[in-house]
file my_file_26.txt (compact mmCIF, N, CA and C atoms)
# COMPACT_ATOMS: atom_id res chain seq x y z
N MET A 1 13.46 31.74 -69.88
CA MET A 1 14.61 31.24 -70.58
C MET A 1 15.80 31.03 -69.63
N ALA A 2 15.93 31.93 -68.67
CA ALA A 2 17.04 31.81 -67.71
C ALA A 2 16.87 30.57 -66.85
N ALA A 3 15.63 30.25 -66.51
CA ALA A 3 15.38 29.06 -65.70
C ALA A 3 15.76 27.79 -66.46
N LEU A 4 15.47 27.76 -67.73
CA LEU A 4 15.83 26.60 -68.55
C LEU A 4 17.35 26.50 -68.70
N ALA A 5 18.00 27.64 -68.82
CA ALA A 5 19.47 27.64 -68.90
C ALA A 5 20.08 27.11 -67.61
N SER A 6 19.46 27.42 -66.48
CA SER A 6 19.99 26.92 -65.21
C SER A 6 19.88 25.41 -65.11
N VAL A 7 18.89 24.81 -65.76
CA VAL A 7 18.79 23.35 -65.79
C VAL A 7 20.01 22.77 -66.50
N PHE A 8 20.37 23.36 -67.62
CA PHE A 8 21.55 22.89 -68.35
C PHE A 8 22.83 23.10 -67.56
N VAL A 9 22.90 24.19 -66.82
CA VAL A 9 24.07 24.44 -65.97
C VAL A 9 24.16 23.38 -64.88
N VAL A 10 23.03 23.06 -64.27
CA VAL A 10 23.01 22.04 -63.21
C VAL A 10 23.43 20.68 -63.78
N LEU A 11 22.93 20.33 -64.94
CA LEU A 11 23.30 19.06 -65.55
C LEU A 11 24.79 19.01 -65.89
N THR A 12 25.30 20.11 -66.42
CA THR A 12 26.73 20.17 -66.74
C THR A 12 27.57 20.06 -65.48
N LEU A 13 27.18 20.77 -64.43
CA LEU A 13 27.91 20.70 -63.16
C LEU A 13 27.84 19.29 -62.57
N SER A 14 26.71 18.64 -62.71
CA SER A 14 26.58 17.27 -62.20
C SER A 14 27.55 16.33 -62.90
N LEU A 15 27.67 16.47 -64.20
CA LEU A 15 28.63 15.64 -64.94
C LEU A 15 30.06 15.93 -64.51
N LEU A 16 30.37 17.20 -64.33
CA LEU A 16 31.71 17.58 -63.90
C LEU A 16 32.01 17.06 -62.50
N ILE A 17 31.07 17.21 -61.59
CA ILE A 17 31.23 16.73 -60.22
C ILE A 17 31.41 15.22 -60.21
N ASN A 18 30.65 14.52 -61.04
CA ASN A 18 30.76 13.07 -61.12
C ASN A 18 32.15 12.66 -61.58
N ARG A 19 32.70 13.36 -62.56
CA ARG A 19 34.05 13.04 -63.05
C ARG A 19 35.11 13.32 -61.99
N ILE A 20 34.98 14.43 -61.29
CA ILE A 20 35.95 14.76 -60.24
C ILE A 20 35.88 13.71 -59.13
N ALA A 21 34.68 13.34 -58.74
CA ALA A 21 34.53 12.33 -57.68
C ALA A 21 35.09 10.98 -58.13
N THR A 22 34.93 10.66 -59.40
CA THR A 22 35.50 9.41 -59.92
C THR A 22 37.01 9.42 -59.79
N VAL A 23 37.63 10.55 -60.11
CA VAL A 23 39.09 10.66 -59.98
C VAL A 23 39.51 10.54 -58.52
N VAL A 24 38.79 11.21 -57.63
CA VAL A 24 39.13 11.15 -56.20
C VAL A 24 39.02 9.72 -55.70
N LEU A 25 37.94 9.04 -56.04
CA LEU A 25 37.77 7.65 -55.59
C LEU A 25 38.81 6.73 -56.22
N THR A 26 39.19 7.00 -57.45
CA THR A 26 40.24 6.22 -58.10
C THR A 26 41.57 6.40 -57.38
N LEU A 27 41.86 7.62 -56.96
CA LEU A 27 43.11 7.90 -56.25
C LEU A 27 43.17 7.20 -54.89
N THR A 28 42.02 6.82 -54.35
CA THR A 28 42.02 6.10 -53.07
C THR A 28 42.19 4.60 -53.26
N GLY A 29 42.26 4.15 -54.52
CA GLY A 29 42.53 2.74 -54.77
C GLY A 29 41.41 1.96 -55.43
N LEU A 30 40.26 2.56 -55.66
CA LEU A 30 39.19 1.86 -56.36
C LEU A 30 39.50 1.79 -57.85
N SER A 31 38.99 0.77 -58.49
CA SER A 31 39.14 0.70 -59.94
C SER A 31 38.31 1.81 -60.58
N ARG A 32 38.65 2.19 -61.80
CA ARG A 32 37.94 3.28 -62.47
C ARG A 32 36.46 2.97 -62.65
N GLU A 33 36.16 1.75 -63.04
CA GLU A 33 34.75 1.35 -63.25
C GLU A 33 33.96 1.40 -61.95
N SER A 34 34.56 0.88 -60.90
CA SER A 34 33.90 0.88 -59.60
C SER A 34 33.73 2.30 -59.08
N ALA A 35 34.76 3.13 -59.23
CA ALA A 35 34.68 4.51 -58.76
C ALA A 35 33.60 5.28 -59.51
N ARG A 36 33.54 5.09 -60.82
CA ARG A 36 32.53 5.79 -61.62
C ARG A 36 31.12 5.36 -61.20
N PHE A 37 30.94 4.06 -61.00
CA PHE A 37 29.63 3.54 -60.61
C PHE A 37 29.22 4.06 -59.23
N GLN A 38 30.14 4.01 -58.27
CA GLN A 38 29.83 4.47 -56.92
C GLN A 38 29.56 5.97 -56.89
N ALA A 39 30.32 6.74 -57.65
CA ALA A 39 30.10 8.19 -57.71
C ALA A 39 28.74 8.50 -58.31
N ARG A 40 28.40 7.83 -59.39
CA ARG A 40 27.13 8.07 -60.04
C ARG A 40 25.95 7.65 -59.16
N SER A 41 26.08 6.52 -58.48
CA SER A 41 24.98 6.07 -57.63
C SER A 41 24.80 6.99 -56.42
N ALA A 42 25.89 7.52 -55.88
CA ALA A 42 25.78 8.45 -54.75
C ALA A 42 25.19 9.78 -55.20
N LEU A 43 25.59 10.27 -56.36
CA LEU A 43 25.10 11.55 -56.86
C LEU A 43 23.61 11.49 -57.20
N THR A 44 23.16 10.36 -57.70
CA THR A 44 21.75 10.23 -58.05
C THR A 44 20.89 9.77 -56.89
N GLY A 45 21.52 9.37 -55.80
CA GLY A 45 20.76 8.99 -54.61
C GLY A 45 20.27 7.57 -54.59
N VAL A 46 20.79 6.74 -55.46
CA VAL A 46 20.43 5.32 -55.44
C VAL A 46 21.58 4.54 -54.84
N GLY A 47 21.29 3.74 -53.88
CA GLY A 47 22.35 2.99 -53.23
C GLY A 47 22.28 1.52 -53.57
N PHE A 48 23.42 0.91 -53.62
CA PHE A 48 23.50 -0.50 -53.89
C PHE A 48 24.31 -1.15 -52.78
N THR A 49 23.83 -2.24 -52.25
CA THR A 49 24.55 -2.95 -51.21
C THR A 49 25.45 -3.97 -51.87
N THR A 50 26.72 -3.63 -51.92
CA THR A 50 27.71 -4.50 -52.53
C THR A 50 28.96 -4.48 -51.68
N ARG A 51 29.88 -5.36 -52.00
CA ARG A 51 31.17 -5.34 -51.31
C ARG A 51 31.90 -4.03 -51.57
N GLU A 52 31.70 -3.46 -52.76
CA GLU A 52 32.34 -2.19 -53.08
C GLU A 52 31.84 -1.07 -52.19
N SER A 53 30.55 -1.05 -51.92
CA SER A 53 30.03 0.00 -51.05
C SER A 53 30.52 -0.19 -49.61
N GLU A 54 30.76 -1.42 -49.21
CA GLU A 54 31.35 -1.66 -47.89
C GLU A 54 32.77 -1.13 -47.84
N GLN A 55 33.50 -1.22 -48.94
CA GLN A 55 34.86 -0.68 -49.00
C GLN A 55 34.83 0.85 -48.86
N ILE A 56 33.81 1.46 -49.35
CA ILE A 56 33.70 2.92 -49.27
C ILE A 56 33.44 3.36 -47.85
N VAL A 57 32.59 2.65 -47.15
CA VAL A 57 32.24 3.02 -45.78
C VAL A 57 33.45 2.89 -44.86
N ARG A 58 34.31 1.97 -45.13
CA ARG A 58 35.46 1.73 -44.26
C ARG A 58 36.63 2.69 -44.49
N HIS A 59 36.61 3.44 -45.57
CA HIS A 59 37.71 4.34 -45.91
C HIS A 59 37.25 5.78 -45.69
N ARG A 60 37.98 6.56 -44.89
CA ARG A 60 37.55 7.91 -44.51
C ARG A 60 37.38 8.84 -45.71
N VAL A 61 38.34 8.90 -46.61
CA VAL A 61 38.26 9.81 -47.76
C VAL A 61 37.12 9.41 -48.68
N ARG A 62 36.97 8.12 -48.92
CA ARG A 62 35.86 7.66 -49.77
C ARG A 62 34.52 8.00 -49.14
N ARG A 63 34.42 7.79 -47.83
CA ARG A 63 33.16 8.05 -47.13
C ARG A 63 32.81 9.54 -47.21
N GLU A 64 33.79 10.41 -47.03
CA GLU A 64 33.54 11.85 -47.11
C GLU A 64 33.18 12.28 -48.53
N THR A 65 33.84 11.69 -49.51
CA THR A 65 33.54 12.00 -50.91
C THR A 65 32.11 11.61 -51.25
N ILE A 66 31.71 10.42 -50.85
CA ILE A 66 30.35 9.95 -51.13
C ILE A 66 29.33 10.80 -50.39
N SER A 67 29.63 11.23 -49.17
CA SER A 67 28.71 12.08 -48.41
C SER A 67 28.47 13.41 -49.12
N VAL A 68 29.55 14.00 -49.64
CA VAL A 68 29.42 15.26 -50.38
C VAL A 68 28.59 15.04 -51.64
N LEU A 69 28.83 13.93 -52.32
CA LEU A 69 28.07 13.63 -53.54
C LEU A 69 26.58 13.48 -53.24
N MET A 70 26.25 12.84 -52.13
CA MET A 70 24.84 12.68 -51.76
C MET A 70 24.19 14.04 -51.54
N LEU A 71 24.89 14.92 -50.85
CA LEU A 71 24.36 16.26 -50.60
C LEU A 71 24.20 17.05 -51.90
N LEU A 72 25.24 17.05 -52.73
CA LEU A 72 25.18 17.78 -54.00
C LEU A 72 24.12 17.21 -54.93
N GLY A 73 23.92 15.91 -54.89
CA GLY A 73 22.88 15.30 -55.72
C GLY A 73 21.50 15.80 -55.34
N ASN A 74 21.24 15.90 -54.04
CA ASN A 74 19.95 16.40 -53.59
C ASN A 74 19.76 17.87 -53.93
N VAL A 75 20.81 18.65 -53.79
CA VAL A 75 20.74 20.07 -54.15
C VAL A 75 20.47 20.20 -55.65
N GLY A 76 21.11 19.37 -56.46
CA GLY A 76 20.91 19.42 -57.90
C GLY A 76 19.49 19.06 -58.30
N ILE A 77 18.93 18.08 -57.63
CA ILE A 77 17.55 17.67 -57.94
C ILE A 77 16.57 18.80 -57.61
N VAL A 78 16.73 19.40 -56.45
CA VAL A 78 15.84 20.51 -56.06
C VAL A 78 15.99 21.68 -57.01
N THR A 79 17.21 22.02 -57.38
CA THR A 79 17.46 23.13 -58.30
C THR A 79 16.85 22.85 -59.67
N THR A 80 17.02 21.64 -60.16
CA THR A 80 16.48 21.29 -61.47
C THR A 80 14.96 21.35 -61.48
N ILE A 81 14.33 20.78 -60.47
CA ILE A 81 12.86 20.78 -60.40
C ILE A 81 12.33 22.21 -60.29
N SER A 82 12.94 23.03 -59.43
CA SER A 82 12.44 24.40 -59.29
C SER A 82 12.67 25.20 -60.57
N SER A 83 13.77 24.98 -61.26
CA SER A 83 14.02 25.69 -62.52
C SER A 83 13.01 25.28 -63.59
N LEU A 84 12.74 23.99 -63.67
CA LEU A 84 11.75 23.54 -64.65
C LEU A 84 10.36 24.07 -64.33
N LEU A 85 10.00 24.09 -63.06
CA LEU A 85 8.70 24.65 -62.68
C LEU A 85 8.61 26.13 -63.04
N LEU A 86 9.67 26.86 -62.76
CA LEU A 86 9.68 28.28 -63.14
C LEU A 86 9.55 28.47 -64.65
N THR A 87 10.24 27.64 -65.40
CA THR A 87 10.16 27.73 -66.86
C THR A 87 8.74 27.50 -67.35
N PHE A 88 8.11 26.45 -66.83
CA PHE A 88 6.75 26.14 -67.27
C PHE A 88 5.75 27.19 -66.79
N LEU A 89 5.89 27.64 -65.57
CA LEU A 89 4.96 28.65 -65.05
C LEU A 89 5.09 29.97 -65.81
N MET A 90 6.32 30.34 -66.14
CA MET A 90 6.51 31.58 -66.90
C MET A 90 5.95 31.46 -68.31
N SER A 91 6.10 30.29 -68.93
CA SER A 91 5.55 30.13 -70.28
C SER A 91 4.02 30.12 -70.25
N ILE A 92 3.43 29.56 -69.20
CA ILE A 92 1.97 29.58 -69.07
C ILE A 92 1.49 31.02 -68.85
N ARG A 93 2.19 31.75 -68.00
CA ARG A 93 1.82 33.14 -67.72
C ARG A 93 1.93 33.99 -68.98
N ASP A 94 3.01 33.81 -69.73
CA ASP A 94 3.21 34.59 -70.95
C ASP A 94 2.17 34.25 -72.02
N SER A 95 1.82 32.99 -72.14
CA SER A 95 0.82 32.61 -73.14
C SER A 95 -0.57 33.05 -72.71
N GLY A 96 -0.82 33.10 -71.41
CA GLY A 96 -2.12 33.56 -70.92
C GLY A 96 -2.32 35.05 -71.10
N SER A 97 -1.26 35.83 -70.93
CA SER A 97 -1.39 37.30 -71.06
C SER A 97 -1.50 37.74 -72.51
N SER A 98 -0.95 36.95 -73.44
CA SER A 98 -1.05 37.32 -74.85
C SER A 98 -2.43 36.95 -75.42
N ALA A 99 -3.14 36.06 -74.77
CA ALA A 99 -4.45 35.66 -75.25
C ALA A 99 -5.51 36.71 -74.95
N CYS A 100 -5.26 37.58 -73.95
CA CYS A 100 -6.25 38.59 -73.55
C CYS A 100 -6.30 39.75 -74.49
call {"tool": "encode", "arguments": {"input": "my_file_26.txt", "output": "structure tokens"}}
result
Amino acid sequence: MAALASVFVVLTLSLLINRIATVVLTLTGLSRESARFQARSALTGVGFTTRESEQIVRHRVRRETISVLMLLGNVGIVTTISSLLLTFLMSIRDSGSSAC
């Protein structure tokens, strides 16, 4: 149960991080829509080659923000997968021991 709860914590933190990154990118001059899209694409690890992404690479604060998002996105994916695996393995173990 704790492993499943950690999945929800990771998802909630991901949403919060995405909103904070959107605000940071907006404060650097990007439009809200563009900032939200770039933050979400960096956090999920999907990149798009657009003029907007070129604007991010050229700006130091934007580049650092996106770099942190890429790292946190990968950490979140690993945490979510390991938590789900633990949840399923524990449920299999518990159901197997009650059958004996």
call {"tool": "closest_residue", "arguments": {"input": "my_file_26.txt", "among": "A:Ser67, A:Thr44, A:Ser53, A:Asn74", "to": "Leu30 in chain A", "atoms": "only C-alpha atoms"}}
result
A:Ser53
call {"tool": "atom_distance", "arguments": {"input": "my_file_26.txt", "atom1": "atom N of Val57 in chain A", "atom2": "atom C of Val24 in chain A"}}
result
12.8 Å
call {"tool": "closest_residue", "arguments": {"input": "my_file_26.txt", "among": "A:Val78, A:Leu86, A:Val46, A:Val61", "to": "Gly29 in chain A", "atoms": "only C-alpha atoms"}}
result
A:Val61
call {"tool": "residues_around", "arguments": {"input": "my_file_26.txt", "residues": "range 1-11 of chain A", "least_positions_apart": "3", "cutoff": "8 Å", "atoms": "all atoms listed in the file", "output": "short mmCIF file (atom, residue, chain, number, x, y, z; two decimals) with N, CA and C atoms, in the frame of the given file"}}
result
data_model
loop_
_atom_site.label_atom_id
_atom_site.label_comp_id
_atom_site.auth_asym_id
_atom_site.auth_seq_id
_atom_site.Cartn_x
_atom_site.Cartn_y
_atom_site.Cartn_z
N SER A 14 26.71 18.64 -62.71
CA SER A 14 26.58 17.27 -62.20
C SER A 14 27.55 16.33 -62.90
N LEU A 15 27.67 16.47 -64.20
CA LEU A 15 28.63 15.64 -64.94
C LEU A 15 30.06 15.93 -64.51
N LEU A 16 30.37 17.20 -64.33
CA LEU A 16 31.71 17.58 -63.90
C LEU A 16 32.01 17.06 -62.50
N ILE A 17 31.07 17.21 -61.59
CA ILE A 17 31.23 16.73 -60.22
C ILE A 17 31.41 15.22 -60.21
N GLY A 76 21.11 19.37 -56.46
CA GLY A 76 20.91 19.42 -57.90
C GLY A 76 19.49 19.06 -58.30
N ILE A 77 18.93 18.08 -57.63
CA ILE A 77 17.55 17.67 -57.94
C ILE A 77 16.57 18.80 -57.61
N THR A 79 17.21 22.02 -57.38
CA THR A 79 17.46 23.13 -58.30
C THR A 79 16.85 22.85 -59.67
N THR A 80 17.02 21.64 -60.16
CA THR A 80 16.48 21.29 -61.47
C THR A 80 14.96 21.35 -61.48
N ILE A 81 14.33 20.78 -60.47
CA ILE A 81 12.86 20.78 -60.40
C ILE A 81 12.33 22.21 -60.29
N SER A 82 12.94 23.03 -59.43
CA SER A 82 12.44 24.40 -59.29
C SER A 82 12.67 25.20 -60.57
N SER A 83 13.77 24.98 -61.26
CA SER A 83 14.02 25.69 -62.52
C SER A 83 13.01 25.28 -63.59
N LEU A 84 12.74 23.99 -63.67
CA LEU A 84 11.75 23.54 -64.65
C LEU A 84 10.36 24.07 -64.33
N LEU A 85 10.00 24.09 -63.06
CA LEU A 85 8.70 24.65 -62.68
C LEU A 85 8.61 26.13 -63.04
N LEU A 86 9.67 26.86 -62.76
CA LEU A 86 9.68 28.28 -63.14
C LEU A 86 9.55 28.47 -64.65
N THR A 87 10.24 27.64 -65.40
CA THR A 87 10.16 27.73 -66.86
C THR A 87 8.74 27.50 -67.35
N PHE A 88 8.11 26.45 -66.83
CA PHE A 88 6.75 26.14 -67.27
C PHE A 88 5.75 27.19 -66.79
N MET A 90 6.32 30.34 -66.14
CA MET A 90 6.51 31.58 -66.90
C MET A 90 5.95 31.46 -68.31
N SER A 91 6.10 30.29 -68.93
CA SER A 91 5.55 30.13 -70.28
C SER A 91 4.02 30.12 -70.25
#
call {"tool": "select_by_dssp", "arguments": {"input": "my_file_26.txt", "residues": "range 13-76 of chain A", "states": "helix (DSSP H, G or I)", "output": "mmCIF file with N, CA and C atoms, in the coordinates of the input"}}
result
data_model
loop_
_atom_site.group_PDB
_atom_site.id
_atom_site.type_symbol
_atom_site.label_atom_id
_atom_site.label_comp_id
_atom_site.auth_asym_id
_atom_site.auth_seq_id
_atom_site.Cartn_x
_atom_site.Cartn_y
_atom_site.Cartn_z
ATOM 1 N N LEU A 13 27.180 20.770 -64.430
ATOM 2 C CA LEU A 13 27.910 20.700 -63.160
ATOM 3 C C LEU A 13 27.840 19.290 -62.570
ATOM 4 N N SER A 14 26.710 18.640 -62.710
ATOM 5 C CA SER A 14 26.580 17.270 -62.200
ATOM 6 C C SER A 14 27.550 16.330 -62.900
ATOM 7 N N LEU A 15 27.670 16.470 -64.200
ATOM 8 C CA LEU A 15 28.630 15.640 -64.940
ATOM 9 C C LEU A 15 30.060 15.930 -64.510
ATOM 10 N N LEU A 16 30.370 17.200 -64.330
ATOM 11 C CA LEU A 16 31.710 17.580 -63.900
ATOM 12 C C LEU A 16 32.010 17.060 -62.500
ATOM 13 N N ILE A 17 31.070 17.210 -61.590
ATOM 14 C CA ILE A 17 31.230 16.730 -60.220
ATOM 15 C C ILE A 17 31.410 15.220 -60.210
ATOM 16 N N ASN A 18 30.650 14.520 -61.040
ATOM 17 C CA ASN A 18 30.760 13.070 -61.120
ATOM 18 C C ASN A 18 32.150 12.660 -61.580
ATOM 19 N N ARG A 19 32.700 13.360 -62.560
ATOM 20 C CA ARG A 19 34.050 13.040 -63.050
ATOM 21 C C ARG A 19 35.110 13.320 -61.990
ATOM 22 N N ILE A 20 34.980 14.430 -61.290
ATOM 23 C CA ILE A 20 35.950 14.760 -60.240
ATOM 24 C C ILE A 20 35.880 13.710 -59.130
ATOM 25 N N ALA A 21 34.680 13.340 -58.740
ATOM 26 C CA ALA A 21 34.530 12.330 -57.680
ATOM 27 C C ALA A 21 35.090 10.980 -58.130
ATOM 28 N N THR A 22 34.930 10.660 -59.400
ATOM 29 C CA THR A 22 35.500 9.410 -59.920
ATOM 30 C C THR A 22 37.010 9.420 -59.790
ATOM 31 N N VAL A 23 37.630 10.550 -60.110
ATOM 32 C CA VAL A 23 39.090 10.660 -59.980
ATOM 33 C C VAL A 23 39.510 10.540 -58.520
ATOM 34 N N VAL A 24 38.790 11.210 -57.630
ATOM 35 C CA VAL A 24 39.130 11.150 -56.200
ATOM 36 C C VAL A 24 39.020 9.720 -55.700
ATOM 37 N N LEU A 25 37.940 9.040 -56.040
ATOM 38 C CA LEU A 25 37.770 7.650 -55.590
ATOM 39 C C LEU A 25 38.810 6.730 -56.220
ATOM 40 N N THR A 26 39.190 7.000 -57.450
ATOM 41 C CA THR A 26 40.240 6.220 -58.100
ATOM 42 C C THR A 26 41.570 6.400 -57.380
ATOM 43 N N LEU A 27 41.860 7.620 -56.960
ATOM 44 C CA LEU A 27 43.110 7.900 -56.250
ATOM 45 C C LEU A 27 43.170 7.200 -54.890
ATOM 46 N N ARG A 32 38.650 2.190 -61.800
ATOM 47 C CA ARG A 32 37.940 3.280 -62.470
ATOM 48 C C ARG A 32 36.460 2.970 -62.650
ATOM 49 N N GLU A 33 36.160 1.750 -63.040
ATOM 50 C CA GLU A 33 34.750 1.350 -63.250
ATOM 51 C C GLU A 33 33.960 1.400 -61.950
ATOM 52 N N SER A 34 34.560 0.880 -60.900
ATOM 53 C CA SER A 34 33.900 0.880 -59.600
ATOM 54 C C SER A 34 33.730 2.300 -59.080
ATOM 55 N N ALA A 35 34.760 3.130 -59.230
ATOM 56 C CA ALA A 35 34.680 4.510 -58.760
ATOM 57 C C ALA A 35 33.600 5.280 -59.510
ATOM 58 N N ARG A 36 33.540 5.090 -60.820
ATOM 59 C CA ARG A 36 32.530 5.790 -61.620
ATOM 60 C C ARG A 36 31.120 5.360 -61.200
ATOM 61 N N PHE A 37 30.940 4.060 -61.000
ATOM 62 C CA PHE A 37 29.630 3.540 -60.610
ATOM 63 C C PHE A 37 29.220 4.060 -59.230
ATOM 64 N N GLN A 38 30.140 4.010 -58.270
ATOM 65 C CA GLN A 38 29.830 4.470 -56.920
ATOM 66 C C GLN A 38 29.560 5.970 -56.890
ATOM 67 N N ALA A 39 30.320 6.740 -57.650
ATOM 68 C CA ALA A 39 30.100 8.190 -57.710
ATOM 69 C C ALA A 39 28.740 8.500 -58.310
ATOM 70 N N ARG A 40 28.400 7.830 -59.390
ATOM 71 C CA ARG A 40 27.130 8.070 -60.040
ATOM 72 C C ARG A 40 25.950 7.650 -59.160
ATOM 73 N N SER A 41 26.080 6.520 -58.480
ATOM 74 C CA SER A 41 24.980 6.070 -57.630
ATOM 75 C C SER A 41 24.800 6.990 -56.420
ATOM 76 N N ALA A 42 25.890 7.520 -55.880
ATOM 77 C CA ALA A 42 25.780 8.450 -54.750
ATOM 78 C C ALA A 42 25.190 9.780 -55.200
ATOM 79 N N LEU A 43 25.590 10.270 -56.360
ATOM 80 C CA LEU A 43 25.100 11.550 -56.860
ATOM 81 C C LEU A 43 23.610 11.490 -57.200
ATOM 82 N N THR A 44 23.160 10.360 -57.700
ATOM 83 C CA THR A 44 21.750 10.230 -58.050
ATOM 84 C C THR A 44 20.890 9.770 -56.890
ATOM 85 N N ARG A 51 29.880 -5.360 -52.000
ATOM 86 C CA ARG A 51 31.170 -5.340 -51.310
ATOM 87 C C ARG A 51 31.900 -4.030 -51.570
ATOM 88 N N GLU A 52 31.700 -3.460 -52.760
ATOM 89 C CA GLU A 52 32.340 -2.190 -53.080
ATOM 90 C C GLU A 52 31.840 -1.070 -52.190
ATOM 91 N N SER A 53 30.550 -1.050 -51.920
ATOM 92 C CA SER A 53 30.030 0.000 -51.050
ATOM 93 C C SER A 53 30.520 -0.190 -49.610
ATOM 94 N N GLU A 54 30.760 -1.420 -49.210
ATOM 95 C CA GLU A 54 31.350 -1.660 -47.890
ATOM 96 C C GLU A 54 32.770 -1.130 -47.840
ATOM 97 N N GLN A 55 33.500 -1.220 -48.940
ATOM 98 C CA GLN A 55 34.860 -0.680 -49.000
ATOM 99 C C GLN A 55 34.830 0.850 -48.860
ATOM 100 N N ILE A 56 33.810 1.460 -49.350
ATOM 101 C CA ILE A 56 33.700 2.920 -49.270
ATOM 102 C C ILE A 56 33.440 3.360 -47.850
ATOM 103 N N VAL A 57 32.590 2.650 -47.150
ATOM 104 C CA VAL A 57 32.240 3.020 -45.780
ATOM 105 C C VAL A 57 33.450 2.890 -44.860
ATOM 106 N N ARG A 58 34.310 1.970 -45.130
ATOM 107 C CA ARG A 58 35.460 1.730 -44.260
ATOM 108 C C ARG A 58 36.630 2.690 -44.490
ATOM 109 N N ARG A 60 37.980 6.560 -44.890
ATOM 110 C CA ARG A 60 37.550 7.910 -44.510
ATOM 111 C C ARG A 60 37.380 8.840 -45.710
ATOM 112 N N VAL A 61 38.340 8.900 -46.610
ATOM 113 C CA VAL A 61 38.260 9.810 -47.760
ATOM 114 C C VAL A 61 37.120 9.410 -48.680
ATOM 115 N N ARG A 62 36.970 8.120 -48.920
ATOM 116 C CA ARG A 62 35.860 7.660 -49.770
ATOM 117 C C ARG A 62 34.520 8.000 -49.140
ATOM 118 N N ARG A 63 34.420 7.790 -47.830
ATOM 119 C CA ARG A 63 33.160 8.050 -47.130
ATOM 120 C C ARG A 63 32.810 9.540 -47.210
ATOM 121 N N GLU A 64 33.790 10.410 -47.030
ATOM 122 C CA GLU A 64 33.540 11.850 -47.110
ATOM 123 C C GLU A 64 33.180 12.280 -48.530
ATOM 124 N N THR A 65 33.840 11.690 -49.510
ATOM 125 C CA THR A 65 33.540 12.000 -50.910
ATOM 126 C C THR A 65 32.110 11.610 -51.250
ATOM 127 N N ILE A 66 31.710 10.420 -50.850
ATOM 128 C CA ILE A 66 30.350 9.950 -51.130
ATOM 129 C C ILE A 66 29.330 10.800 -50.390
ATOM 130 N N SER A 67 29.630 11.230 -49.170
ATOM 131 C CA SER A 67 28.710 12.080 -48.410
ATOM 132 C C SER A 67 28.470 13.410 -49.120
ATOM 133 N N VAL A 68 29.550 14.000 -49.640
ATOM 134 C CA VAL A 68 29.420 15.260 -50.380
ATOM 135 C C VAL A 68 28.590 15.040 -51.640
ATOM 136 N N LEU A 69 28.830 13.930 -52.320
ATOM 137 C CA LEU A 69 28.070 13.630 -53.540
ATOM 138 C C LEU A 69 26.580 13.480 -53.240
ATOM 139 N N MET A 70 26.250 12.840 -52.130
ATOM 140 C CA MET A 70 24.840 12.680 -51.760
ATOM 141 C C MET A 70 24.190 14.040 -51.540
ATOM 142 N N LEU A 71 24.890 14.920 -50.850
ATOM 143 C CA LEU A 71 24.360 16.260 -50.600
ATOM 144 C C LEU A 71 24.200 17.050 -51.900
ATOM 145 N N LEU A 72 25.240 17.050 -52.730
ATOM 146 C CA LEU A 72 25.180 17.780 -54.000
ATOM 147 C C LEU A 72 24.120 17.210 -54.930
ATOM 148 N N GLY A 73 23.920 15.910 -54.890
ATOM 149 C CA GLY A 73 22.880 15.300 -55.720
ATOM 150 C C GLY A 73 21.500 15.800 -55.340
ATOM 151 N N ASN A 74 21.240 15.900 -54.040
ATOM 152 C CA ASN A 74 19.950 16.400 -53.590
ATOM 153 C C ASN A 74 19.760 17.870 -53.930
ATOM 154 N N VAL A 75 20.810 18.650 -53.790
ATOM 155 C CA VAL A 75 20.740 20.070 -54.150
ATOM 156 C C VAL A 75 20.470 20.200 -55.650
ATOM 157 N N GLY A 76 21.110 19.370 -56.460
ATOM 158 C CA GLY A 76 20.910 19.420 -57.900
ATOM 159 C C GLY A 76 19.490 19.060 -58.300
#
call {"tool": "decode", "arguments": {"input": "my_file_26.txt", "residues": "range 12-22 of chain A", "atoms": "N, CA and C atoms", "output": "compact mmCIF listing (two decimals), in the first residue's frame"}}
result
# COMPACT_ATOMS: atom_id res chain seq x y z
N THR A 12 1.75 13.78 -7.90
CA THR A 12 1.42 15.09 -7.37
C THR A 12 2.62 16.03 -7.42
N LEU A 13 3.79 15.53 -7.05
CA LEU A 13 5.00 16.35 -7.12
C LEU A 13 5.32 16.74 -8.56
N SER A 14 5.09 15.84 -9.49
CA SER A 14 5.34 16.16 -10.90
C SER A 14 4.45 17.30 -11.37
N LEU A 15 3.20 17.28 -10.98
CA LEU A 15 2.30 18.37 -11.34
C LEU A 15 2.73 19.69 -10.71
N LEU A 16 3.14 19.62 -9.46
CA LEU A 16 3.60 20.82 -8.77
C LEU A 16 4.88 21.37 -9.40
N ILE A 17 5.81 20.50 -9.70
CA ILE A 17 7.07 20.91 -10.34
C ILE A 17 6.79 21.52 -11.70
N ASN A 18 5.86 20.93 -12.44
CA ASN A 18 5.52 21.47 -13.75
C ASN A 18 4.95 22.87 -13.64
N ARG A 19 4.10 23.11 -12.65
CA ARG A 19 3.53 24.45 -12.46
C ARG A 19 4.60 25.47 -12.06
N ILE A 20 5.50 25.07 -11.18
CA ILE A 20 6.57 25.98 -10.76
C ILE A 20 7.46 26.31 -11.95
N ALA A 21 7.81 25.30 -12.73
CA ALA A 21 8.66 25.54 -13.90
C ALA A 21 7.95 26.44 -14.92
N THR A 22 6.65 26.28 -15.05
CA THR A 22 5.89 27.14 -15.96
C THR A 22 5.99 28.60 -15.51
